Each structure stands twice: as C-alpha cells, then as structure tokens.
Amino acid sequence: MSTIFPKLAIAGASLATFGVLWGGMNASSPNEQNSSSLFVSEAHAAEKATIIPAPRVNAAEKGKRSVAIFAGGCFWGVEGVFEHTKGVISAVSGYHGGTKRSANYKLVSAGLTNHAEVVRVVYDPSVVSYGQLMQVFFSVVADPTMLNAQGPDRGKHYRSALIPTNKAQAKAARAYLTQLGKGRYWKKPIVTKVEAYKAFHPAETYHQDFMQKNPRQGYIVRWDKPKIANLKRHFPKQYRTKPVS
C-alpha cells in the first residue's frame, strides 16, 4: 500500500524523522501505486501460503454474530480475503491503536500515529469460528515473522496483530500464537502480538471494498489477488466466490 506524507508542520515532525520515515516506506498515492518495490524479492516469499494446523484452543462463541479485528499490513488485502470467507457478514477497513482525531490515512501512513491498518470482521460463529479465521489469516494473509511490515510495505502501521474483542477470543489468540511458535512453521520467530482492543475507526470511503472496486489496480494484482487464490486453493470449504460488501 502507498504512503502519502502530510506537510512537515503536522505534529511538529522534524526533518530527521521525516527522513527516517521516507527511507522505510513507499511513497505514492493509492491510485498511483504500482507493483514495483525495493523489497519485491522478500515480499514475494511472504505472499506464499503457509498452511498451518487449526488452533487447539478455540473461542467458545454463541449466537449468530461476533466481531474480531485483524491487523495484517495493508488493509486492502486483509479485507479482500475475509470478504471471500464463508460465514463473514462484513469486513471493514479501518484504524486501531490511536485516537479518533488522528485516524486518517495521511497521518497513519506517514507513521505519525499509533494506529495500525486493520479490518473489523463481523462473522457468524455458527458458520465460521474465530479459530478458523485465525488459521486463514496466518495461512494466506499475514506473515507473522515480519516486524512492522507486510509484503512491500514498511512502517509500524503495517504491523501484524490479533485484536480480540472478548475474553474468549483473547484466550484463543494467545494460545494460538504459542502453538504456532512451538510448531516452527516459519524459519523466523513470530513477532505478531495480541493487542488490547481500544477503538476501531473506519477508514475513508475509497478504501472500503477496494479490491472489489479496483480489481486491475497494480498493487491489488501483484500482492492481494494471490491471497484470494491461496484461500480458494487451500481452504475450499471456507471460500466463497461472491464476496460480501
């Protein structure tokens, strides 16, 4: 995903800080972003599916509606995968970890807030469990060994995190990260964290359903469509052709 830098006067950002941010992240507008990157070789490997076992500890959730939040880099692809997952009622891109006032794309993408790009997933626990959503997330969406980065993107706002919204999810999330760490399914150690829920702030309208609206956009084709293909290939029972919106 791209980064758009605000004027240096915002938040009193120093020239030195600006230089660090510029050196560590991409710079282009969402509509101009292309598939090239200095990190293509590393990111390409991160896009490969790593099929992992289901959680041994699942969240015991009843009813027809539950909510979970996932941070896995650029929210376009995270949203896209969950929109193609059976049992998901809605998937909304947004920000988590900072204030409502600073929850806007220019500030977040410049690294000037504590927000992470996230997706708020509303799902039916009788159709898909929180454990299954986590399994899909770590198998085809996010590489849990990349620190403050995913795919070609760099910055703390691209960190990976599980953000439970209830005690059952929190218990399952912590147990799953421990399970995956012991399993050593990746060559590098897991750095994904469980973050306490604060507040979810929806992203700007043009970010919502971005993959559905822009199927031929360069970034989508290069980085996000492979995630959908991996979901269909490796989780055919969870995959649905027509995405929710």
# chains A, B, ... in the order shown; residues from 1 in each chain; ligands from 1

call {"tool": "residues_around", "arguments": {"residues": "A:Asn230", "least_positions_apart": "3", "cutoff": "10 Å", "atoms": "only C-alpha atoms", "output": "PyMOL selection string"}}
result
chain A and resi 47-51+81+136+139-141+225-227+233-236+239

call {"tool": "residues_around", "arguments": {"residues": "stretch 197-208 of chain A", "least_positions_apart": "5", "cutoff": "6 Å", "atoms": "only C-alpha atoms", "output": "PyMOL selection string"}}
result
chain A and resi 93-96+163

call {"tool": "closest_residue", "arguments": {"among": "A:Gly131, A:Gly97, A:Gly155, A:Gly183", "to": "A:Ala60", "atoms": "only C-alpha atoms"}}
result
A:Gly131

call {"tool": "atom_distance", "arguments": {"atom1": "atom CA of A:Phe82", "atom2": "atom CA of A:Leu112"}}
result
27.8 Å

call {"tool": "select_by_dssp", "arguments": {"residues": "stretch 26-213 of chain A", "states": "alpha helix (DSSP H)", "output": "PyMOL selection string"}}
result
chain A and resi 40-46+75-83+105-109+130-136+167-183+210-213

call {"tool": "residues_around", "arguments": {"residues": "A:Pro243", "least_positions_apart": "2", "cutoff": "8 Å", "atoms": "only C-alpha atoms", "output": "PDB file with N, CA, C and O atoms, in the first residue's frame"}}
result
ATOM      1  N   GLY A  80     -10.089  -8.077   1.597  1.00  0.00           N
ATOM      2  CA  GLY A  80     -10.453  -8.891   0.441  1.00  0.00           C
ATOM      3  C   GLY A  80     -10.575 -10.364   0.769  1.00  0.00           C
ATOM      4  O   GLY A  80     -11.516 -11.039   0.334  1.00  0.00           O
ATOM      5  N   GLU A  83     -13.637 -11.026   2.971  1.00  0.00           N
ATOM      6  CA  GLU A  83     -14.879 -10.862   2.216  1.00  0.00           C
ATOM      7  C   GLU A  83     -15.201 -12.110   1.389  1.00  0.00           C
ATOM      8  O   GLU A  83     -16.351 -12.324   1.017  1.00  0.00           O
ATOM      9  N   HIS A  84     -14.174 -12.911   1.115  1.00  0.00           N
ATOM     10  CA  HIS A  84     -14.358 -14.159   0.366  1.00  0.00           C
ATOM     11  C   HIS A  84     -14.455 -15.377   1.293  1.00  0.00           C
ATOM     12  O   HIS A  84     -14.418 -16.510   0.814  1.00  0.00           O
ATOM     13  N   THR A  85     -14.557 -15.157   2.583  1.00  0.00           N
ATOM     14  CA  THR A  85     -14.608 -16.253   3.547  1.00  0.00           C
ATOM     15  C   THR A  85     -16.047 -16.506   3.993  1.00  0.00           C
ATOM     16  O   THR A  85     -16.732 -15.587   4.447  1.00  0.00           O
ATOM     17  N   ARG A 240     -15.755 -18.548  -0.665  1.00  0.00           N
ATOM     18  CA  ARG A 240     -16.957 -18.272  -1.455  1.00  0.00           C
ATOM     19  C   ARG A 240     -16.588 -17.354  -2.615  1.00  0.00           C
ATOM     20  O   ARG A 240     -15.814 -16.395  -2.454  1.00  0.00           O
ATOM     21  N   THR A 241     -17.172 -17.644  -3.754  1.00  0.00           N
ATOM     22  CA  THR A 241     -16.820 -16.912  -4.960  1.00  0.00           C
ATOM     23  C   THR A 241     -17.253 -15.458  -4.902  1.00  0.00           C
ATOM     24  O   THR A 241     -16.481 -14.549  -5.215  1.00  0.00           O
ATOM     25  N   SER A 245     -20.008  -7.369   0.826  1.00  0.00           N
ATOM     26  CA  SER A 245     -19.599  -5.973   0.634  1.00  0.00           C
ATOM     27  C   SER A 245     -20.219  -5.124   1.721  1.00  0.00           C
ATOM     28  O   SER A 245     -20.998  -5.616   2.537  1.00  0.00           O
TER      29      SER A 245
END

call {"tool": "closest_residue", "arguments": {"among": "A:Ile228, A:Val194, A:Ala168, A:Val88", "to": "A:Leu133", "atoms": "only C-alpha atoms"}}
result
A:Val88

call {"tool": "select_by_dssp", "arguments": {"residues": "stretch 172-221 of chain A", "states": "strand (DSSP E)", "output": "number ranges by chain"}}
result
A: 193-194, 200-202

call {"tool": "write_last_selection", "arguments": {"atoms": "N, CA and C atoms", "output": "PDB file, in the first residue's frame"}}
result
ATOM      1  N   LYS A 193       1.638  -9.759  17.727  1.00  0.00           N
ATOM      2  CA  LYS A 193       1.217  -9.576  19.109  1.00  0.00           C
ATOM      3  C   LYS A 193      -0.309  -9.627  19.230  1.00  0.00           C
ATOM      4  N   VAL A 194      -0.764  -9.859  20.444  1.00  0.00           N
ATOM      5  CA  VAL A 194      -2.178  -9.695  20.776  1.00  0.00           C
ATOM      6  C   VAL A 194      -2.305  -8.303  21.381  1.00  0.00           C
ATOM      7  N   PHE A 200     -12.134   1.101  17.263  1.00  0.00           N
ATOM      8  CA  PHE A 200     -11.993   0.925  15.819  1.00  0.00           C
ATOM      9  C   PHE A 200     -12.533   2.159  15.116  1.00  0.00           C
ATOM     10  N   HIS A 201     -11.742   2.679  14.167  1.00  0.00           N
ATOM     11  CA  HIS A 201     -12.150   3.852  13.404  1.00  0.00           C
ATOM     12  C   HIS A 201     -12.168   3.478  11.918  1.00  0.00           C
ATOM     13  N   PRO A 202     -13.323   3.497  11.279  1.00  0.00           N
ATOM     14  CA  PRO A 202     -13.400   3.134   9.860  1.00  0.00           C
ATOM     15  C   PRO A 202     -12.499   4.024   9.004  1.00  0.00           C
TER      16      PRO A 202
END
